[in-house]
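K.L.:
Quick one: the structure is below, and I'll ask about it shortly.
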Amino acid sequence: MIGNGAGRLGGQAAIITGGASGIGLAVATRLVRDGAAVAVADLSPERTRQTAEGLEAAHPGASVIGLAVDVRREDQVEAMKDRALEVFGRIDILVASAGILRGVPGKPQTLADTSAEAWDAVIETNLTGMFLANRAVLPVMQKQRRGNIINLSSTSGRRGIAYDSAYCASKFGVIGLSESLAEEVRPYGIRVQAVLPEIVDTPILAQNGPIFRPPDMLSAERVADFVAYLLGLPDDTWILNPVIAPSRARR
Amino acid sequence: MHPSEAAADRPLADRVAIVTGGSSGIGRAACVALARAGASVVAIGRSAPRLEETIEQVRRAGEGGLLSLALDVGREEDMARMAERVLERFGRIDILVASAGILRNRSGPRTATELTLDDWNAIIRTNLRGTFLSNRAVLPAMLRQRSGDIINVSSTSGLRGFAYDAAYCASKFGILGLSEALADEVRRSGIRVQAICPGPAATAMWDQNLPVPPPEQTMPVERVADLLLYVLTLPRDTVLHNPVIVPLRSHRRQAFRAPGPGAAVGRGEEPVA
């Protein structure tokens, strides 16, 4: 038995991209608590290592590894999958939450002012990175004839918002990717679901610089609890592109 | 059992829940799920004998209070009476699950061109007017309490129109509009309003579609009841917006495509009458 077999995800192994901060970190924490073996994949070697160590220390018996990966890089994403498979022997769950808000941190920009570099940075991390992470785990899940993929989109994946053109384009794209993939791999027992959180209180907001902070935000833990719910749905059912939001915020 | 365990097992202990459309389908499954979660359950339906069957199942599921009222959600005085009787009996209303709905009136599937005004009116009356009237009836109590949860049962047909289902789709789209508007009105008063959009569930509602066969892929009503319970027990600071729950094996495209000539018609969803 891998992981901490006590929880309801005991025996399952998960990779969480963007797992060292924000929603990814909250999901990693929740999945460890539920008994899964977890690979925390994130850009910073330092933060992934600290996160994995912290989770193992807080949950005796848990098996957690940290994997430094730039999700934009095909070779690194493949290496991430190989390493997780080597350590855990299987991959049951992918939660793809690696994402950025701005290519150039510090200032929301109109599309007219958006540089190609800033555009590419957002699309490469949020969309291409999601493609690469999804594609990497599929052969493993297909062989197992079992797997659960959760891709983090956003309400910005349903409605465009001023100053967020690249982010919105990437998050719309995540829904398209997820719906296409869901159809392709359903016969293999693999379930692909996208989640659309409204504004969540995470470090990603700091990329906006010192502008306004919305009064009503979700905590990352709320999203993580919901991801755990989606992972635990009976195999015959799924929830399509659910929007989770703060109850007091105006839509 | 340790008290904290009991709390986790019965997250809705001491809550009073009304379920319209409680005499069959999703509504009946919701009654059972709510009772199992510890709530006192009030089942509303038009048919007293069928409500009896619900009450039997609820009695086996939980130990909370129990009441059934044979009332019509489309009648203003019936809905006023519903709130009155529940307050007399339990003193409060914490939850409303509005799931009363019909797919057809008397005729089978009809194109909009052939749809009679009587059939149109009957479907809108139960599904949309009934949701409005049941929602409005419980609001004074919830506003007084400054707490409450309303879940309105829409459908995947509330997000996309399907051939032969003009009235049903109009009513289910309408439920989403009503729910979103109401949610916005009461969100600062401690009342949470959410709608859910189930795909095809295995209910007797499909009998109204005969001679067209029911969809090949349906989900058990318990799946929808589980989702209802989940959205009801979310932390107070969180909502799900119109979640769509469907059978995994129903082909998405098929489920969302209007049927072509010769294809099975009537992809509307959920239950009751």
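Just remember, in the structure tokens the first chain shown is A, the second B, etc., residues are 1-based per chain, and ligands are 1-based in the order shown.
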With DSSP run on the backbone, what are the alpha helix (DSSP H) residues within segment 19-125 of chain B? I'd like them as a PyMOL selection string.

P.N.:
chain B and resi 25-36+48-61+76-90+117-124

K.L.:
Include C-alpha atoms and write out the residues we just selected as a CSV table (one decimal), in the first residue's frame.

P.N.:
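New file out_14.csv:
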```csv
chain,number,residue,atom,x,y,z
B,25,GLY,CA,-37.8,10.8,-8.8
B,26,ILE,CA,-35.1,13.2,-7.6
B,27,GLY,CA,-37.4,14.8,-5.1
B,28,ARG,CA,-38.0,11.5,-3.3
B,29,ALA,CA,-34.3,10.7,-3.4
B,30,ALA,CA,-33.7,14.1,-1.9
B,31,CYS,CA,-36.1,13.4,0.9
B,32,VAL,CA,-34.3,10.2,1.8
B,33,ALA,CA,-30.9,11.8,1.6
B,34,LEU,CA,-31.9,14.8,3.8
B,35,ALA,CA,-33.4,12.4,6.4
B,36,ARG,CA,-30.3,10.4,6.4
B,48,ALA,CA,-51.2,11.6,-1.4
B,49,PRO,CA,-50.7,7.9,-2.1
B,50,ARG,CA,-47.3,8.5,-3.7
B,51,LEU,CA,-46.3,10.8,-0.9
B,52,GLU,CA,-47.0,7.9,1.4
B,53,GLU,CA,-44.4,5.8,-0.4
B,54,THR,CA,-41.9,8.6,0.1
B,55,ILE,CA,-42.7,8.8,3.7
B,56,GLU,CA,-42.2,5.1,4.2
B,57,GLN,CA,-38.7,5.4,2.7
B,58,VAL,CA,-37.9,8.5,4.7
B,59,ARG,CA,-39.0,6.8,7.9
B,60,ARG,CA,-36.5,4.0,7.3
B,61,ALA,CA,-33.7,6.5,6.5
B,76,GLU,CA,-50.4,30.4,-4.7
B,77,GLU,CA,-52.7,29.4,-1.8
B,78,ASP,CA,-51.2,25.9,-1.6
B,79,MET,CA,-47.7,27.4,-1.3
B,80,ALA,CA,-48.8,29.8,1.4
B,81,ARG,CA,-50.4,26.9,3.2
B,82,MET,CA,-47.1,24.9,2.9
B,83,ALA,CA,-45.1,27.6,4.7
B,84,GLU,CA,-47.8,28.0,7.3
B,85,ARG,CA,-48.1,24.3,8.1
B,86,VAL,CA,-44.3,23.8,8.3
B,87,LEU,CA,-43.9,26.8,10.6
B,88,GLU,CA,-46.8,25.5,12.8
B,89,ARG,CA,-45.2,22.1,13.1
B,90,PHE,CA,-41.5,22.8,13.2
B,117,LEU,CA,-51.1,26.5,-25.4
B,118,ASP,CA,-52.6,24.3,-22.8
B,119,ASP,CA,-49.5,22.0,-22.8
B,120,TRP,CA,-47.2,25.0,-22.8
B,121,ASN,CA,-49.1,26.6,-19.8
B,122,ALA,CA,-49.1,23.3,-17.8
B,123,ILE,CA,-45.4,22.8,-18.1
B,124,ILE,CA,-44.5,26.5,-17.3
```

K.L.:
Excluding segment 208-216 of chain B and any residue of its chain fewer than 2 positions from it, enumerate the residues within 6 Å of it, using only C-alpha atoms, and give them as an MDAnalysis selection string.

P.N.:
chainID B and resid 104 108 205:206

K.L.:
Would you write out those residues with C-alpha atoms, as a PDB file, in the first residue's frame?

P.N.:
```pdb
ATOM      1  CA  ARG B 104     -44.948  16.912 -20.806  1.00  0.00           C
ATOM      2  CA  GLY B 108     -46.150  13.187 -26.080  1.00  0.00           C
ATOM      3  CA  MET B 205     -40.594  11.264 -15.727  1.00  0.00           C
ATOM      4  CA  TRP B 206     -39.526   9.525 -18.923  1.00  0.00           C
TER       5      TRP B 206
END
```

K.L.:
Taking only residues of chain B that have an atom at most 8 Å from an atom of chain A, what is each one's shortest atom pair and its distance in Å to one decimal, using only C-alpha atoms, in chain and number order, as a Markdown table?

P.N.:
```
| residue | atom | partner | partner_atom | distance |
| --- | --- | --- | --- | --- |
| B:Asp184 | CA | A:Arg250 | CA | 6.6 |
| B:Arg187 | CA | A:Arg248 | CA | 5.4 |
| B:Arg188 | CA | A:Arg248 | CA | 6.2 |
| B:Arg192 | CA | A:Ser247 | CA | 6.9 |
| B:Met219 | CA | A:Thr237 | CA | 7.3 |
| B:Arg223 | CA | A:Thr237 | CA | 7.5 |
| B:Arg236 | CA | A:Ser247 | CA | 7.0 |
| B:Asp237 | CA | A:Ser247 | CA | 5.0 |
| B:Thr238 | CA | A:Pro246 | CA | 4.5 |
| B:Val239 | CA | A:Ser247 | CA | 5.1 |
| B:Leu240 | CA | A:Ile244 | CA | 4.5 |
| B:His241 | CA | A:Val243 | CA | 5.2 |
| B:Asn242 | CA | A:Pro242 | CA | 7.4 |
| B:Pro243 | CA | A:Pro242 | CA | 5.0 |
| B:Val244 | CA | A:Leu240 | CA | 5.3 |
| B:Ile245 | CA | A:Ile239 | CA | 4.4 |
| B:Val246 | CA | A:Trp238 | CA | 5.7 |
| B:Pro247 | CA | A:Thr237 | CA | 4.5 |
| B:Leu248 | CA | A:Thr237 | CA | 4.6 |
| B:Arg249 | CA | A:Asp236 | CA | 7.0 |
| B:His251 | CA | A:Glu183 | CA | 7.5 |
| B:Arg252 | CA | A:Glu183 | CA | 7.5 |
```

K.L.:
How far is it from atom CA of Ser99 of chain B to atom CA of Asp9 of chain B, in Å with one decimal?

P.N.:
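Atom-to-atom, atom CA of Ser99 of chain B to atom CA of Asp9 of chain B, that is 24.6 Å.
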
K.L.:
Expressed in Å to a single decimal, how great is the separation between atom CA of Phe173 of chain B and atom CA of Arg15 of chain B?

P.N.:
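Answer for the atom CA of Phe173 of chain B to atom CA of Arg15 of chain B separation: 29.4 Å.
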